[in-house]
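First the structure, in the form of structure tokens, and then the observations on it.
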Amino acid sequence: MAIQHGKGLDVGTCNLVAAEQNDKGEIELRPKRNVFIDVPIDAYTKNMLTRLNVPYVVQGKKMYVLGDHAFELANVLNKNTRRPMKDGLISPKEQDALPVMKLLIGSILGQPRVPNEVCFYSVPGDPVDSDLSVAYHRDLFDAVLKSLGYKPSHILEGHAVTFAELEEEDFTGIGVSCGGGMFNICVAYKSMPALSFSTSRSGDWVDNNVANVLGIKPAKAALIKEKGVDLMKPKTREEDAIAIYYRNLIKYNLSSICERFRAAENMPSFTEPVSMVFTGGTSMAGNFIELVRAVFKELDFPIPVKECRMAKDPFNATAKGALVAAQLETSSQTA
Amino acid sequence: MADQPFDVRRAIEQSSSKSTLQELAKKGIHRVKVLDEQMINKLIGEAVERILSTKTNLLSTDDRQKLIDASRKELDRLVRDHQSTKDQAELMTKDKQSLVSEVENLQDQLKTTRKLGDDTAKQRYEDGKAIMKSEVEDMKRKMSSMEEDISKRVRREVELEYQAKSAGLQASIEQLKGDGSRRENEVRDQYDRREKDLREELSRREQDIVARGASMKEAELRTTLDQMQHKNMEMAEKHADQLEELKKSDDKVLTTLSELFNKAIEGVNKKLGDLRLRSIAGVAAGGSMGRVEGDVDFRPSQATLDSLITGELESNLKGMQVEAKTGGKIGNALDRLKAMRSGGGGETKKEEKK
Ligand SMILES: Nc1ncnc2c1ncn2[C@@H]1O[C@H](COP(=O)(O)OP(=O)(O)OP(=O)(O)O)[C@@H](O)[C@H]1O
Ligand SMILES: [Mg+2]
């Protein structure tokens, strides 16, 4: 089978995920946590880290441990991690983290297989509740991908979700990515994005609030949350806190979606009820979809929805959708 | 069995066969010994006695007693054991029952506590929500009034500063202007005075000459006049120089002024920038202030991009293999999309829009 060129990249507040198709027609996925943490800079530490297969990078007078190891280390040392992105975007304040992000992206994306291989990366929709500039963010990542030898292009995160998860419904429906920094929502009609936007309240928001009420570090709160919590039946104080904020989170986001839909002009009129499919790390908590359904029932949703369901592959949907977009672009170039 | 005496006769009857003398003779037995029943009884009795005596004689009387005692003890122990086991068993049954009821009790308690907890949590959640909501509203109000305050304040600060600066500037301009004109007037006065002096001198001398009549030579007169004129010229030149000087210093004043003005404007711009940043920060914190009309997106310059992207960092990451997971196939998604896009599937969107 001939290799389908083009790669997808999910540029997320918490996780970077690269996707490509191998010669067996399978999708290969490479995730990396988008965090790092300061460590003392000396030859001994460098050697030790290399021996332990822990990636580091030296930037100026500082040395950082990268990715998942940084997350683990932060929890062991009870320190805060450094996060180059916030609310789905790289902040101008953190722009010196860009070379480090370039390194991380290069390591999961690998070399382009042909010169100027197309690479689609995900960008958030316009935030309804903040005023950050997506243009600045795009400029930076265009430049990063170009310098790695790719031909960069971007796709809205919510749109990518519909590419990955709504094939059977003719790419018509609502894709929701529940990430670390934001909820990204896209209403697609026959594969075209009719409306897309984001809110800046998601997993990080839960972590920060839980950390606040329990007096722990947000990374610790994230760890407890990711170890698995049943949102419908919390068992400990920590889980109680997590469940409470989750309910609030879902309510906030579904209500925002309602409001935004009502305010939107040019919405396609759906003759048939559509599906609303949920993806992203934050949707992976136990009984998340049950909680969504419960909250959904209390709302007067402006679009007929036939079901709220989990994605087949919630963690990788964005990267997969971006990959599909890249392949589509590549084949239209060669056609 | 032990009570019935051993019936020797019956035993012999049962375990022997009867033969006639003839039959015995046929077998070649001609002589037989005869044991009578009594004798047999006696023999058996003796044998039993002997066995019994030998057996019981194995133990001395003492030993026998000991054995009996031991046996009794053992028996007692067994009885006791039995009793205690029985007790324990009973106890255990009792315990089990009480445990069961205790557990049930606890479960009941737990249920109540949980329900109570749920109710309280719910209540607390609702309370918290209500409080949060009002707090959020409050915050929002505060934020927006703060935003207004901040922008008003900063705007006022800017205005005041601008006014102060421009007032200062105006004053120094006025002062400089005043200085300039004073000096110009002074010079002009000096010149005027000198000229007047000279003219007076001239007319005085002319009158003198007229008075003296022809006593003064024409040539002499001319020389004096020349001298006077020369002096006049010098004065004029000096005057011009002074004016020139004055103009130069005016130019300098102008540059200083424009520098001052630029600085002031820069300050004002910075203040305005701050104001914008502060309003953006307010928005990021949950405020509702929209973007200012005509705001330009903050975009990185090419130089910034170059400085960020080019150059390699020291890292061990390049030497590491990043493991890939396989996550299924793209399936028909690509083909279907291609078909939809080329077959105009997507183009129907506009027609079906509201
Ligand atoms: N099993 C889990 N249960 C609950 N939360 C989880 C789980 N696994 C990951 N998360 C949370 O999901 C979030 C990350 O999800 P994801 O990788 O989809 O976000 P992202 O794409 O990096 O962020 P964004 O799309 O907002 O920029 C984090 O908040 C993380 O703590
Ligand atoms: Mg994401």
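Every chain in the structure tokens takes a letter, A first, then B, and so on in the order presented; its residues are numbered from 1, and the ligands are numbered from 1 following the presented order.
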
Contact set, chain A to chain B: 6 Å, only C-alpha atoms, as a PyMOL selection string: chain A and resi 26-30+55-58+99+130+136+167+190+266+268-269

When the cut-off is 8 Å and you count only C-alpha atoms and all ligand atoms, which residues lie near ligand 2, shown as a PDB file with N, CA and C atoms, in the first residue's frame?
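Final output, saved to pocket.pdb:
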ATOM      1  N   ASP A  10      -1.781  17.700  16.842  1.00  0.00           N
ATOM      2  CA  ASP A  10      -2.682  18.336  17.815  1.00  0.00           C
ATOM      3  C   ASP A  10      -1.817  19.188  18.742  1.00  0.00           C
ATOM      4  N   VAL A  11      -1.922  20.495  18.585  1.00  0.00           N
ATOM      5  CA  VAL A  11      -1.177  21.392  19.472  1.00  0.00           C
ATOM      6  C   VAL A  11      -2.095  21.754  20.625  1.00  0.00           C
ATOM      7  N   GLY A  12      -1.918  21.061  21.743  1.00  0.00           N
ATOM      8  CA  GLY A  12      -2.838  21.246  22.864  1.00  0.00           C
ATOM      9  C   GLY A  12      -2.174  21.921  24.054  1.00  0.00           C
ATOM     10  N   THR A  13      -2.989  22.458  24.910  1.00  0.00           N
ATOM     11  CA  THR A  13      -2.485  23.117  26.117  1.00  0.00           C
ATOM     12  C   THR A  13      -1.751  22.113  27.010  1.00  0.00           C
ATOM     13  N   CYS A  14      -2.217  20.870  26.989  1.00  0.00           N
ATOM     14  CA  CYS A  14      -1.604  19.848  27.841  1.00  0.00           C
ATOM     15  C   CYS A  14      -0.778  18.847  27.070  1.00  0.00           C
ATOM     16  N   ASN A  15      -1.289  18.482  25.906  1.00  0.00           N
ATOM     17  CA  ASN A  15      -0.638  17.415  25.170  1.00  0.00           C
ATOM     18  C   ASN A  15      -0.440  17.774  23.705  1.00  0.00           C
ATOM     19  N   GLY A  88      -5.294  27.138  25.414  1.00  0.00           N
ATOM     20  CA  GLY A  88      -5.239  26.760  24.001  1.00  0.00           C
ATOM     21  C   GLY A  88      -4.263  27.533  23.155  1.00  0.00           C
ATOM     22  N   SER A 122      -3.750  21.774  14.856  1.00  0.00           N
ATOM     23  CA  SER A 122      -5.040  22.248  15.363  1.00  0.00           C
ATOM     24  C   SER A 122      -4.891  23.616  16.011  1.00  0.00           C
ATOM     25  N   GLU A 157      -9.785  22.986  15.943  1.00  0.00           N
ATOM     26  CA  GLU A 157      -9.789  21.743  16.719  1.00  0.00           C
ATOM     27  C   GLU A 157     -11.143  21.029  16.665  1.00  0.00           C
ATOM     28  N   SER A 177     -14.387  19.090  21.741  1.00  0.00           N
ATOM     29  CA  SER A 177     -13.127  18.625  22.310  1.00  0.00           C
ATOM     30  C   SER A 177     -12.967  19.221  23.696  1.00  0.00           C
ATOM     31  N   CYS A 178     -12.904  18.336  24.698  1.00  0.00           N
ATOM     32  CA  CYS A 178     -12.776  18.812  26.072  1.00  0.00           C
ATOM     33  C   CYS A 178     -11.314  18.644  26.471  1.00  0.00           C
ATOM     34  N   GLY A 179     -10.552  19.700  26.295  1.00  0.00           N
ATOM     35  CA  GLY A 179      -9.108  19.582  26.464  1.00  0.00           C
ATOM     36  C   GLY A 179      -8.644  19.996  27.837  1.00  0.00           C
ATOM     37  N   GLY A 180      -7.396  20.456  27.877  1.00  0.00           N
ATOM     38  CA  GLY A 180      -6.835  20.917  29.131  1.00  0.00           C
ATOM     39  C   GLY A 180      -7.182  22.373  29.355  1.00  0.00           C
ATOM     40  N   GLY A 181      -7.000  23.168  28.295  1.00  0.00           N
ATOM     41  CA  GLY A 181      -7.204  24.606  28.431  1.00  0.00           C
ATOM     42  C   GLY A 181      -8.582  25.053  28.012  1.00  0.00           C
ATOM     43  N   MET A 182      -9.181  24.352  27.067  1.00  0.00           N
ATOM     44  CA  MET A 182     -10.467  24.828  26.581  1.00  0.00           C
ATOM     45  C   MET A 182     -11.393  23.724  26.098  1.00  0.00           C
ATOM     46  N   ASN A 184     -13.507  23.074  22.803  1.00  0.00           N
ATOM     47  CA  ASN A 184     -13.634  23.534  21.432  1.00  0.00           C
ATOM     48  C   ASN A 184     -14.853  22.888  20.815  1.00  0.00           C
ATOM     49  N   GLY A 280     -11.274  14.386  23.833  1.00  0.00           N
ATOM     50  CA  GLY A 280     -10.334  15.128  24.667  1.00  0.00           C
ATOM     51  C   GLY A 280     -10.146  14.486  26.026  1.00  0.00           C
ATOM     52  N   GLY A 281      -8.988  14.742  26.620  1.00  0.00           N
ATOM     53  CA  GLY A 281      -8.632  14.125  27.898  1.00  0.00           C
ATOM     54  C   GLY A 281      -9.679  14.327  28.973  1.00  0.00           C
ATOM     55  N   THR A 318      -8.398  14.696  17.765  1.00  0.00           N
ATOM     56  CA  THR A 318      -7.944  15.924  17.109  1.00  0.00           C
ATOM     57  C   THR A 318      -6.783  15.649  16.157  1.00  0.00           C
TER      58      THR A 318
END

All strand (DSSP E or B) residues (DSSP, backbone) inside segment 78-164 of chain A, as a list in words: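 Taking segment 78-164 of chain A and keeping strand (DSSP E or B) gives Arg82, Met85, Lys86, Leu89, Ile90, Glu117, Val118, Cys119, Phe120, Tyr121, Ser122, Val123, Pro127, Tyr150, Lys151, Pro152, Ser153, His154, Ile155 and Leu156 of chain A.
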